[in-house]
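Q: File final29.txt below, compact mmCIF, C-alpha atoms:
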```txt
# COMPACT_ATOMS: atom_id res chain seq x y z
CA MET A 20 -26.87 11.14 -2.55
CA PRO A 21 -27.39 10.92 -6.32
CA ASN A 22 -30.03 8.35 -7.19
CA ASP A 23 -29.01 7.35 -10.72
CA LEU A 24 -25.40 6.27 -10.28
CA ASN A 25 -26.20 2.62 -10.84
CA THR A 26 -27.72 3.44 -14.23
CA LEU A 27 -24.42 4.78 -15.61
CA SER A 28 -22.95 2.80 -18.46
CA LEU A 29 -20.07 0.56 -17.48
CA THR A 30 -16.79 0.93 -19.32
CA GLU A 31 -16.70 -0.92 -22.62
CA PRO A 32 -13.50 -2.50 -23.98
CA THR A 33 -11.52 -0.07 -26.11
CA THR A 34 -8.93 -0.50 -28.82
CA ASP A 35 -7.79 3.14 -28.76
CA THR A 36 -4.25 2.91 -27.44
CA ILE A 37 -1.37 5.33 -26.98
CA GLU A 38 2.34 4.57 -26.82
CA VAL A 39 3.56 4.39 -23.21
CA ASN A 40 7.06 5.53 -22.33
CA VAL A 41 8.08 3.51 -19.28
CA THR A 42 10.87 5.92 -18.39
CA ASP A 43 8.18 8.47 -17.50
CA ILE A 44 6.60 6.12 -14.95
CA PRO A 45 8.02 6.31 -11.39
CA LEU A 46 9.24 3.06 -9.83
CA SER A 47 8.95 2.03 -6.18
CA LEU A 48 9.78 -1.09 -4.18
CA TYR A 49 7.62 -2.83 -1.59
CA ILE A 50 9.22 -5.19 0.96
CA HIS A 51 7.05 -7.51 3.05
CA ILE A 52 8.13 -8.78 6.48
CA PRO A 53 5.46 -11.38 7.32
CA TRP A 54 5.83 -12.01 11.06
CA CYS A 55 4.12 -10.46 14.05
CA VAL A 56 4.16 -11.25 17.77
CA LYS A 57 0.38 -11.73 17.82
CA LYS A 58 -2.23 -11.67 15.07
CA CYS A 59 -4.75 -8.88 15.70
CA PRO A 60 -8.44 -9.89 15.43
CA TYR A 61 -9.18 -7.23 12.77
CA CYS A 62 -6.13 -7.93 10.58
CA ASP A 63 -6.59 -9.47 7.14
CA PHE A 64 -3.03 -8.80 5.94
CA ASN A 65 -0.58 -11.56 5.12
CA SER A 66 0.90 -11.79 8.62
CA HIS A 67 1.92 -14.82 10.63
CA GLU A 68 2.65 -15.17 14.33
CA LEU A 69 6.28 -15.87 15.13
CA PRO A 70 6.94 -19.62 15.46
CA MET A 71 7.55 -20.75 19.02
CA ASP A 72 10.87 -22.28 17.95
CA SER A 73 11.98 -19.27 15.89
CA GLU A 74 15.71 -18.62 15.71
CA LEU A 75 17.85 -15.82 14.33
CA SER A 76 18.71 -18.03 11.35
CA MET A 77 15.07 -17.70 10.26
CA TYR A 78 15.59 -13.98 9.66
CA GLU A 79 18.85 -14.60 7.83
CA GLU A 80 17.23 -17.11 5.50
CA TYR A 81 14.40 -14.72 4.81
CA VAL A 82 16.75 -11.87 3.91
CA ASP A 83 18.62 -14.28 1.63
CA ALA A 84 15.31 -14.92 -0.13
CA LEU A 85 14.53 -11.20 -0.34
CA LEU A 86 17.85 -10.50 -2.04
CA LEU A 87 17.35 -13.35 -4.51
CA ASP A 88 13.90 -11.98 -5.21
CA ALA A 89 15.31 -8.51 -5.82
CA ALA A 90 17.96 -9.85 -8.18
CA MET A 91 15.27 -11.67 -10.15
CA GLN A 92 13.29 -8.45 -10.60
CA GLN A 93 16.22 -6.16 -11.40
CA PRO A 94 15.68 -6.32 -15.20
CA LEU A 95 12.13 -5.01 -14.66
CA THR A 96 13.52 -1.64 -13.57
CA GLN A 97 14.24 -1.01 -17.28
CA GLY A 98 16.88 1.55 -16.35
CA ARG A 99 14.79 3.40 -13.77
CA LYS A 100 15.85 4.43 -10.26
CA ILE A 101 13.91 3.36 -7.17
CA GLY A 102 12.17 6.50 -5.88
CA SER A 103 10.62 5.07 -2.74
CA ILE A 104 10.60 1.95 -0.60
CA PHE A 105 7.90 0.82 1.80
CA ILE A 106 8.58 -1.94 4.34
CA GLY A 107 5.28 -3.42 5.50
CA GLY A 108 4.03 -6.45 7.34
CA GLY A 109 3.43 -8.11 9.69
CA THR A 110 5.69 -6.20 11.96
CA PRO A 111 8.84 -5.07 10.12
CA SER A 112 10.42 -3.81 13.35
CA LEU A 113 10.81 -7.47 14.40
CA LEU A 114 13.58 -7.94 11.85
CA PRO A 115 16.96 -7.44 13.60
CA ILE A 116 18.92 -4.34 12.65
CA ALA A 117 21.83 -6.50 11.45
CA GLN A 118 19.54 -8.03 8.85
CA TYR A 119 18.35 -4.60 7.71
CA GLN A 120 21.98 -3.60 7.25
CA ARG A 121 22.60 -6.68 5.14
CA LEU A 122 19.36 -6.21 3.21
CA PHE A 123 20.02 -2.60 2.24
CA THR A 124 23.62 -3.31 1.31
CA GLY A 125 22.33 -5.95 -1.07
CA LEU A 126 19.52 -3.79 -2.45
CA ARG A 127 21.92 -0.95 -3.24
CA SER A 128 24.09 -3.33 -5.21
CA CYS A 129 21.04 -4.53 -7.15
CA PHE A 130 19.10 -1.30 -7.74
CA GLU A 131 19.97 2.34 -8.28
CA PHE A 132 18.35 4.47 -5.58
CA ALA A 133 17.19 8.02 -6.27
CA GLU A 134 19.25 10.56 -4.33
CA ASP A 135 16.17 11.73 -2.42
CA ILE A 136 14.66 8.27 -1.97
CA GLU A 137 11.90 7.97 0.65
CA VAL A 138 12.15 4.77 2.73
CA THR A 139 9.25 4.05 5.09
CA MET A 140 9.12 1.27 7.68
CA GLU A 141 6.00 0.21 9.57
CA ALA A 142 6.60 -0.31 13.27
CA ASN A 143 4.65 -1.65 16.23
CA PRO A 144 5.17 0.23 19.53
CA GLY A 145 5.17 -3.14 21.31
CA THR A 146 8.36 -4.18 19.50
CA LEU A 147 10.19 -0.86 19.76
CA GLU A 148 11.07 -0.69 23.44
CA TYR A 149 14.77 -1.05 22.68
CA ALA A 150 14.63 -0.11 19.02
CA PRO A 151 17.84 1.34 17.57
CA PHE A 152 16.14 4.32 15.96
CA SER A 153 19.42 5.98 15.03
CA GLN A 154 20.56 2.75 13.36
CA TYR A 155 17.42 2.65 11.25
CA LEU A 156 18.37 6.11 10.02
CA GLU A 157 21.92 4.97 9.29
CA VAL A 158 20.59 2.08 7.17
CA GLY A 159 18.61 4.56 5.09
CA ILE A 160 15.11 4.32 6.59
CA ASN A 161 13.99 7.95 6.82
CA ARG A 162 10.28 7.68 7.54
CA LEU A 163 8.44 5.68 10.22
CA SER A 164 4.80 4.62 10.28
CA ILE A 165 3.90 3.64 13.83
CA GLY A 166 0.80 1.46 14.27
CA VAL A 167 -0.75 2.98 17.39
CA GLN A 168 -4.46 2.56 16.46
CA SER A 169 -5.58 4.07 19.79
CA PHE A 170 -4.17 5.59 22.96
CA ALA A 171 -6.99 4.17 25.10
CA ALA A 172 -5.95 1.07 27.05
CA ASP A 173 -9.36 -0.61 26.84
CA LYS A 174 -9.51 -0.10 23.05
CA LEU A 175 -6.02 -1.51 22.59
CA LYS A 176 -7.06 -4.60 24.53
CA VAL A 177 -10.15 -5.12 22.37
CA LEU A 178 -8.02 -4.68 19.22
CA GLY A 179 -5.55 -7.28 20.44
CA ARG A 180 -2.60 -4.89 20.36
CA ILE A 181 0.49 -5.89 22.36
CA HIS A 182 1.42 -2.32 23.38
CA ASP A 183 -0.04 0.05 25.94
CA PRO A 184 -0.60 3.82 25.72
CA VAL A 185 2.71 4.61 27.43
CA GLN A 186 4.66 2.52 24.92
CA ALA A 187 2.83 4.19 22.04
CA LEU A 188 3.70 7.69 23.22
CA SER A 189 7.27 6.66 24.02
CA ALA A 190 7.78 5.20 20.54
CA ILE A 191 6.70 8.42 18.81
CA ARG A 192 8.82 10.63 21.05
CA ALA A 193 11.85 8.34 20.81
CA ALA A 194 11.67 8.34 17.02
CA LYS A 195 11.56 12.13 16.96
CA ALA A 196 14.41 12.39 19.48
CA ALA A 197 16.55 10.04 17.39
CA GLY A 198 16.26 12.34 14.40
CA PHE A 199 13.27 11.10 12.41
CA VAL A 200 11.80 14.19 10.79
CA ARG A 201 8.85 12.28 9.31
CA VAL A 202 6.75 10.13 11.64
CA ASN A 203 3.33 8.83 10.62
CA VAL A 204 0.89 7.54 13.24
CA ASP A 205 -1.83 5.06 12.29
CA LEU A 206 -5.10 5.61 14.14
CA MET A 207 -8.45 3.84 13.87
CA HIS A 208 -11.86 5.28 14.63
CA GLY A 209 -15.27 3.65 14.90
CA LEU A 210 -13.89 1.23 17.48
CA PRO A 211 -16.13 -0.91 19.72
CA GLN A 212 -17.88 1.36 22.26
CA GLN A 213 -15.75 4.33 21.22
CA THR A 214 -17.13 7.76 22.01
CA MET A 215 -16.49 10.87 19.96
CA ASN A 216 -14.33 12.34 22.73
CA GLU A 217 -12.15 9.22 22.78
CA ALA A 218 -11.65 9.36 19.02
CA LEU A 219 -10.74 13.06 19.16
CA GLU A 220 -8.39 12.50 22.08
CA ASP A 221 -6.46 9.92 20.02
CA ILE A 222 -5.88 12.53 17.31
CA GLN A 223 -4.83 15.19 19.79
CA MET A 224 -2.41 12.87 21.60
CA ALA A 225 -0.76 11.78 18.34
CA HIS A 226 -0.31 15.40 17.35
CA ASP A 227 1.04 16.45 20.76
CA ALA A 228 3.52 13.54 20.75
CA GLY A 229 5.03 14.76 17.48
CA ALA A 230 3.23 12.98 14.62
CA THR A 231 3.96 14.79 11.37
CA HIS A 232 1.50 12.67 9.38
CA ILE A 233 -1.63 10.84 10.53
CA SER A 234 -3.40 7.96 8.81
CA TRP A 235 -6.91 8.07 10.28
CA TYR A 236 -9.27 5.37 9.06
CA GLN A 237 -12.41 3.62 10.17
CA LEU A 238 -12.27 0.08 11.53
CA THR A 239 -13.83 -2.23 8.98
CA ILE A 240 -14.68 -5.89 9.54
CA GLU A 241 -12.92 -7.97 6.90
CA PRO A 242 -13.49 -11.63 5.95
CA ASN A 243 -11.04 -14.19 7.29
CA THR A 244 -10.52 -12.31 10.56
CA VAL A 245 -11.48 -13.08 14.15
CA PHE A 246 -13.75 -10.03 14.19
CA TYR A 247 -15.59 -11.38 11.13
CA ARG A 248 -16.31 -14.66 12.88
CA SER A 249 -17.23 -12.99 16.17
CA GLN A 250 -18.23 -9.44 15.36
CA PRO A 251 -17.88 -6.74 18.01
CA ILE A 252 -20.56 -4.11 18.52
CA LEU A 253 -19.50 -0.97 16.67
CA PRO A 254 -20.95 2.55 16.82
CA ASP A 255 -24.07 2.98 14.67
CA GLU A 256 -23.99 4.80 11.34
CA ASP A 257 -25.05 8.16 12.81
CA ASN A 258 -22.34 8.07 15.48
CA LEU A 259 -19.77 6.95 12.92
CA ALA A 260 -20.64 9.90 10.71
CA ASP A 261 -20.47 12.32 13.66
CA ILE A 262 -17.07 10.95 14.74
CA GLU A 263 -15.69 11.20 11.21
CA GLN A 264 -16.89 14.77 10.75
CA ALA A 265 -15.56 15.90 14.14
CA GLY A 266 -12.23 14.15 13.60
CA GLN A 267 -11.75 15.74 10.20
CA SER A 268 -12.52 19.15 11.67
CA LEU A 269 -9.95 18.65 14.45
CA LEU A 270 -7.26 17.46 12.04
CA GLN A 271 -7.82 20.56 9.92
CA GLN A 272 -7.61 22.78 13.00
CA LEU A 273 -4.30 21.14 13.90
CA GLY A 274 -2.90 21.98 10.47
CA TYR A 275 -3.14 18.61 8.72
CA ASN A 276 -4.00 18.41 5.02
CA ASN A 277 -6.35 15.63 3.94
CA TYR A 278 -4.79 14.81 0.57
CA GLU A 279 -6.25 11.29 0.32
CA VAL A 280 -9.21 9.34 1.74
CA SER A 281 -7.56 8.62 5.09
CA ALA A 282 -4.15 10.34 4.85
CA TRP A 283 -3.37 13.65 6.57
CA ALA A 284 -0.01 15.41 6.13
CA GLY A 285 1.03 17.91 8.80
CA GLU A 286 2.35 21.40 8.11
CA SER A 287 5.96 20.23 8.53
CA ASP A 288 5.50 17.08 6.43
CA LYS A 289 4.36 16.11 2.96
CA PRO A 290 2.30 13.30 1.40
CA CYS A 291 3.73 9.80 1.55
CA ARG A 292 5.59 9.49 -1.76
CA HIS A 293 5.32 5.72 -1.89
CA ASN A 294 1.54 5.68 -1.51
CA ILE A 295 1.20 8.59 -3.93
CA ASN A 296 2.95 6.42 -6.51
CA TYR A 297 0.35 3.67 -5.94
CA TRP A 298 -2.53 6.12 -6.29
CA GLN A 299 -1.08 7.72 -9.42
CA PHE A 300 -0.83 4.26 -11.00
CA GLY A 301 2.96 4.16 -10.98
CA ASP A 302 5.02 0.97 -11.06
CA TYR A 303 6.29 -0.92 -8.04
CA LEU A 304 8.41 -4.00 -7.64
CA ALA A 305 7.64 -6.24 -4.68
CA ILE A 306 9.71 -8.70 -2.67
CA GLY A 307 8.66 -10.86 0.26
CA ALA A 308 6.04 -13.47 1.14
CA GLY A 309 2.69 -12.55 -0.37
CA ALA A 310 4.03 -9.33 -1.91
CA HIS A 311 2.22 -7.90 -4.94
CA GLY A 312 3.84 -5.78 -7.66
CA LYS A 313 2.92 -3.93 -10.84
CA VAL A 314 5.18 -3.17 -13.79
CA THR A 315 4.77 -1.56 -17.19
CA ILE A 316 6.60 -2.91 -20.24
CA SER A 317 6.54 -0.62 -23.26
CA ARG A 318 7.35 -1.34 -26.87
CA ASN A 319 10.74 0.36 -26.79
CA ASP A 320 11.95 -1.30 -23.62
CA SER A 321 14.48 -4.09 -23.76
CA ILE A 322 14.08 -6.83 -21.18
CA ASP A 323 16.92 -9.29 -20.97
CA ASN A 324 15.04 -12.46 -21.88
CA GLY A 325 18.29 -14.33 -21.50
CA SER A 326 18.09 -13.80 -17.76
CA LEU A 327 17.61 -17.19 -16.13
CA GLU A 328 15.62 -15.66 -13.32
CA LEU A 329 13.06 -14.11 -15.63
CA ARG A 330 13.04 -16.91 -18.17
CA ASN A 331 12.12 -19.49 -15.56
CA LYS A 332 9.70 -17.36 -13.60
CA MET A 333 7.78 -15.53 -16.32
CA GLU A 334 6.76 -16.62 -19.77
CA ASP A 335 8.94 -15.10 -22.47
CA ASP A 336 6.00 -14.17 -24.66
CA LEU A 337 4.61 -11.99 -21.86
CA LEU A 338 7.87 -10.14 -21.42
CA VAL A 339 8.22 -9.18 -25.06
CA THR A 340 4.60 -8.01 -25.29
CA PRO A 341 4.00 -4.38 -24.27
CA GLY A 342 1.53 -4.09 -21.45
CA ILE A 343 0.92 -3.56 -17.76
CA TYR A 344 1.43 -6.58 -15.55
CA ARG A 345 0.68 -7.54 -11.96
CA PHE A 346 2.57 -10.24 -10.10
CA SER A 347 2.60 -11.85 -6.67
CA LYS A 348 4.72 -14.08 -4.48
CA SER A 349 3.75 -17.15 -2.46
CA ARG A 350 2.07 -16.13 0.80
CA LEU A 351 3.56 -18.54 3.36
CA PRO A 352 7.07 -17.64 4.58
CA LYS A 353 8.11 -21.29 4.50
CA ASP A 354 7.17 -21.51 0.83
CA TYR A 355 8.81 -18.20 0.01
CA VAL A 356 12.21 -19.14 1.45
CA VAL A 357 12.22 -22.80 0.42
CA VAL A 358 15.36 -24.03 -1.33
CA SER A 359 14.96 -27.36 -3.04
CA SER A 360 17.45 -30.08 -2.19
CA ASP A 361 17.72 -30.62 -5.93
CA ALA A 362 19.15 -27.15 -6.44
CA THR A 363 22.74 -28.27 -6.72
CA LYS A 364 23.77 -26.10 -9.63
CA GLU A 365 24.10 -22.33 -9.58
CA SER A 366 22.16 -22.19 -12.85
CA ASP A 367 19.12 -23.93 -11.36
CA ILE A 368 17.41 -20.62 -10.65
CA ASN A 369 13.93 -22.14 -10.85
CA GLN A 370 14.68 -24.09 -7.68
CA ILE A 371 16.37 -21.44 -5.60
CA THR A 372 14.46 -18.22 -6.23
CA PRO A 373 11.36 -17.20 -4.25
CA LYS A 374 8.20 -18.49 -5.86
CA MET A 375 6.35 -16.35 -8.38
CA VAL A 376 2.75 -17.48 -8.09
CA GLY A 377 1.17 -14.90 -10.36
CA TRP A 378 2.16 -12.95 -13.47
CA GLN A 379 -0.74 -11.55 -15.43
CA ALA A 380 -1.34 -8.75 -17.89
CA ILE A 381 -4.05 -6.27 -16.94
CA ASP A 382 -6.63 -6.39 -19.71
CA GLN A 383 -7.39 -3.16 -21.54
CA GLU A 384 -10.97 -3.27 -20.32
CA GLU A 385 -9.72 -3.41 -16.71
CA LEU A 386 -7.16 -0.62 -16.98
CA VAL A 387 -9.76 2.12 -16.66
CA SER A 388 -11.19 0.74 -13.43
CA GLU A 389 -7.71 0.03 -12.05
CA PHE A 390 -6.58 3.58 -12.75
CA MET A 391 -9.73 5.22 -11.37
CA LEU A 392 -9.69 3.00 -8.28
CA ASN A 393 -6.38 4.57 -7.35
CA ALA A 394 -6.41 8.10 -8.79
CA LEU A 395 -9.78 9.11 -7.39
CA ARG A 396 -8.60 8.44 -3.85
CA LEU A 397 -6.57 11.64 -4.15
CA HIS A 398 -8.68 14.65 -3.24
CA GLY A 399 -6.60 16.83 -5.56
CA GLY A 400 -6.97 14.28 -8.33
CA VAL A 401 -4.46 13.78 -11.11
CA ALA A 402 -3.78 15.44 -14.44
CA TRP A 403 -5.84 14.00 -17.28
CA SER A 404 -2.59 13.55 -19.22
CA MET A 405 -1.56 10.98 -16.60
CA PHE A 406 -4.46 8.74 -17.61
CA GLU A 407 -3.03 8.32 -21.09
CA LYS A 408 0.59 8.14 -19.95
CA ARG A 409 -0.06 5.46 -17.31
CA THR A 410 -2.68 3.31 -19.06
CA GLY A 411 -1.88 3.75 -22.75
CA LEU A 412 -5.61 4.38 -23.38
CA ALA A 413 -7.14 7.39 -25.07
CA LEU A 414 -9.37 9.78 -23.12
CA ASN A 415 -12.32 8.98 -25.37
CA SER A 416 -12.56 5.60 -23.65
CA VAL A 417 -14.05 7.26 -20.56
CA ILE A 418 -15.61 10.46 -21.88
CA LYS A 419 -19.19 9.17 -21.59
CA GLN A 420 -18.85 8.30 -17.92
CA VAL A 421 -16.94 11.50 -17.12
CA ASN A 422 -19.55 13.76 -18.70
CA SER A 423 -22.31 12.04 -16.76
CA LEU A 424 -20.45 12.34 -13.44
CA VAL A 425 -19.59 15.99 -14.08
CA ALA A 426 -23.27 16.70 -14.78
CA GLN A 427 -24.16 15.18 -11.42
CA GLY A 428 -21.61 17.30 -9.58
CA LEU A 429 -19.39 14.36 -8.64
CA LEU A 430 -16.34 15.18 -10.76
CA VAL A 431 -14.81 18.62 -11.32
CA ASP A 432 -15.57 20.03 -14.76
CA SER A 433 -12.00 20.41 -16.06
CA ASP A 434 -10.14 19.75 -19.29
CA THR A 435 -6.87 19.28 -17.44
CA GLN A 436 -7.64 17.61 -14.10
CA LEU A 437 -9.44 14.40 -13.09
CA GLN A 438 -10.69 15.27 -9.61
CA PRO A 439 -13.66 14.40 -7.39
CA THR A 440 -15.75 17.26 -6.04
CA VAL A 441 -16.42 17.51 -2.31
CA LEU A 442 -19.65 15.60 -2.94
CA GLY A 443 -17.71 13.10 -5.03
CA GLN A 444 -15.25 12.50 -2.19
CA ARG A 445 -18.20 11.58 0.00
CA TYR A 446 -19.63 9.10 -2.50
CA LEU A 447 -16.39 7.78 -3.96
CA ASN A 448 -17.43 4.13 -4.19
CA GLN A 449 -20.51 5.13 -6.12
CA ILE A 450 -18.42 7.15 -8.58
CA LEU A 451 -16.17 4.17 -9.14
CA ARG A 452 -19.13 2.04 -10.22
CA ALA A 453 -19.27 4.10 -13.39
CA PHE A 454 -15.80 2.89 -14.41
CA PHE A 455 -15.91 -0.75 -13.38
CA ILE A 456 -16.45 -3.60 -15.76
CA LYS A 457 -19.16 -5.96 -14.56
CA ARG A 458 -16.98 -8.84 -13.41
CA HIS A 459 -14.88 -6.46 -11.28
CA LEU A 460 -17.67 -4.36 -9.86
CA ASP A 461 -18.44 -5.94 -6.51
CA ASP A 462 -14.96 -7.22 -5.69
CA CYS A 463 -12.92 -4.08 -6.23
CA LEU A 464 -14.82 -1.13 -4.76
CA ILE A 465 -12.61 0.39 -2.10
CA ALA A 466 -13.05 0.40 1.62
CA ALA A 467 -11.74 3.81 2.65
CA ARG A 468 -9.21 2.44 5.04
CA TYR A 469 -5.55 2.96 4.25
```
What would the structure in this file look like if it were written as structure tokens?
A:
Amino acid sequence: MPNDLNTLSLTEPTTDTIEVNVTDIPLSLYIHIPWCVKKCPYCDFNSHELPMDSELSMYEEYVDALLLDAAMQQPLTQGRKIGSIFIGGGTPSLLPIAQYQRLFTGLRSCFEFAEDIEVTMEANPGTLEYAPFSQYLEVGINRLSIGVQSFAADKLKVLGRIHDPVQALSAIRAAKAAGFVRVNVDLMHGLPQQTMNEALEDIQMAHDAGATHISWYQLTIEPNTVFYRSQPILPDEDNLADIEQAGQSLLQQLGYNNYEVSAWAGESDKPCRHNINYWQFGDYLAIGAGAHGKVTISRNDSIDNGSLELRNKMEDDLLVTPGIYRFSKSRLPKDYVVVSSDATKESDINQITPKMVGWQAIDQEELVSEFMLNALRLHGGVAWSMFEKRTGLALNSVIKQVNSLVAQGLLVDSDTQLQPTVLGQRYLNQILRAFFIKRHLDDCLIAARY
């Protein structure tokens, strides 16, 4: 491993800016469904166990809130079509199909979908026993991501999963039989007491069952989880490295292409378009409890500041100022769907729309680290021209760091492509340190997980 990475100069603030054309930036939509049957001990996502007294009206109220949220964000499309949708959670497959039908009818009336839109839904095998797979397709969901994690019964028990190996295999096969051409399977490795053979068997079983895409990532212990408070015994570093190397070799033998840290596309499939948009620093709207979005506003774009939704939820001076913004929604479902008793007038949007709890411009000095954090996950990298088009910053703002990393063999020496070398892929977090401003350094380095 290179020894002098920590001596690299951190990115300095820059005033060299370039005009950004927002119409050149792809736009996606993230939808968060916050409930799950049981909270897994490793999970640090915004998920909440279903209330004991839950009723179908709970789902209806939540979809009402999602559609209000979407209507509020419609002006932020700035004339762009939605190219991909990702429905995450929680466990999105808990939402009844009737509510998905209502949700997508409403979304289509609010947004313009691209003709070839990719719509992914996460699903838990334990909630898919009677899943209407063909109805998901009819709604417009054309890609599934099934959270298997492991096909070993003892590992599933330790992970707190509610499904068994038979249900996991059945879910994959049923999705394929129903007509899903694209089926991703999530698998974890580095599980408590997991052997190399067990990890490899998980990959083989997913492939044999029909997975066209595999997300294969190491279990990491995150704060605010049960595993963090009571940590299981995991394989040591040497065994973890051996498992990772053997698993990557098997995936390659089976015809999967490792296009991102933990993402493998099969020969009959292609990279996940929605996640590619994240990693290429595209824009994405976000609806649902705890959802986070990112949007670019350029100088030539006209945002309807007369919109009550936007006027009450975001400060007008932010909307008329060109820049790149992040926003978030209140985390608790009960806060997200709340409708004040004072909201008696249709114009009282501030009382009846889902809460916007964050709307903040990304500072120029943070744009470099934000872009690199995403783009360098892609093993093929991105075109250097994308750096300027997506951040509005000139290439000279990072030339010092790039030259140093190229000299160390961590970045490819190219005038056209920003790309990590094979060595750089191995030491990605260390590369990113070269681009992070000091206050962001420790908080934002990636865990190679998703």
Q: One number please: atom CA of A:Pro53 to atom CA of A:Leu188, in Å, one decimal.
A: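 Separating atom CA of A:Pro53 from atom CA of A:Leu188 is a distance of 24.9 Å.
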Q: Fewer than 6 positions away in the same chain doesn't count, so skip those; otherwise give me all residues within 6 Å of stretch 33-49 of chain A, counting only C-alpha atoms, as a list in words.
A: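 So, after excluding close chain neighbours, the residues are Ile101, Gly102, Ser103, Ile104, Phe105, Gly301, Asp302, Tyr303, Leu304, Ala305, Ser317, Lys408, Gly411, Leu412 and Ala413 of chain A.
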Q: Give me the residues within 8 Å of A:Lys348 as a VMD selection string, counting all atoms listed in the file and dropping any in the same chain fewer than 4 places off.
A: chain A and resid 306 to 311 355 373 to 377
Q: Could you tell me which of A:Ala190, A:Tyr155, A:Glu217, A:Phe346 comes closest to A:Ala172 if we count only C-alpha atoms?
A: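 Using only C-alpha atoms, the shortest distance to A:Ala172 belongs to A:Glu217.
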Q: Atom CA of A:Asp434 and atom CA of A:Leu451, how far apart in Å?
A: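 According to the coordinates, atom CA of A:Leu451 and atom CA of A:Asp434 are separated by 19.5 Å.
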Q: Point out the residue among A:Leu206, A:Leu163, A:Leu175, A:Ile181 with the least atom-to-atom distance to A:Trp283, counting all atoms listed in the file.
A: A:Leu206
Q: Between atom CA of A:Asp261 and atom CA of A:Ser234, what is the distance, to one decimal in Å?
A: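 Going from atom CA of A:Asp261 over to atom CA of A:Ser234, I get 18.3 Å.
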Q: Just checking: using only C-alpha atoms, which residue out of A:Ile160, A:Leu395, A:Val431, A:Met405 ends up closest to A:Asn448?
A: A:Leu395
Q: Point out the residue among A:Thr139, A:Asn258, A:Ser76, A:Asn65 with the least atom-to-atom distance to A:Ala218, counting only C-alpha atoms.
A: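 Smallest distance to A:Ala218 is found for A:Asn258.
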Q: Which residues come within 10 Å of A:Asp183, counting only C-alpha atoms, excluding same-chain residues fewer than 5 positions away, as a list in words?
A: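 These residues fall inside the cut-off: Pro144, Gly145, Val167, Ser169, Phe170, Ala171, Ala172, Asp173, Lys174, Leu175, Lys176 and Leu188 of chain A.
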Q: Calculated over only C-alpha atoms, which of the candidates A:Leu273, A:Gln449, A:Gln186, A:Tyr61 has the smallest distance to A:Arg248?
A: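 Result for the nearest residue to A:Arg248: A:Tyr61.
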Q: Can you work out which one of A:Trp298, A:Tyr275, A:Phe152, A:Tyr446 has the shortest atom-to-atom distance to A:Ile222, counting only C-alpha atoms?
A: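 Nearest to A:Ile222: A:Tyr275.
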Q: Please determine an axis-aligned box that encloses all atoms of stretch 63-69 of chain A listed in the file, with 8 Å added on each side, and express its centre and edge lengths in Å to one decimal as AutoDock Vina command-line options.
A:
```
--center_x -0.2 --center_y -12.3 --center_z 10.1 --size_x 28.9 --size_y 23.1 --size_z 26.0
```
Q: Kindly provide, as a PyMOL selection string, the polymer residues lying within 10 Å of (-10.9, -12.0, 8.8), counting only C-alpha atoms and using the coordinates exactly as they appear in the file.
A: chain A and resi 59-64+240-249
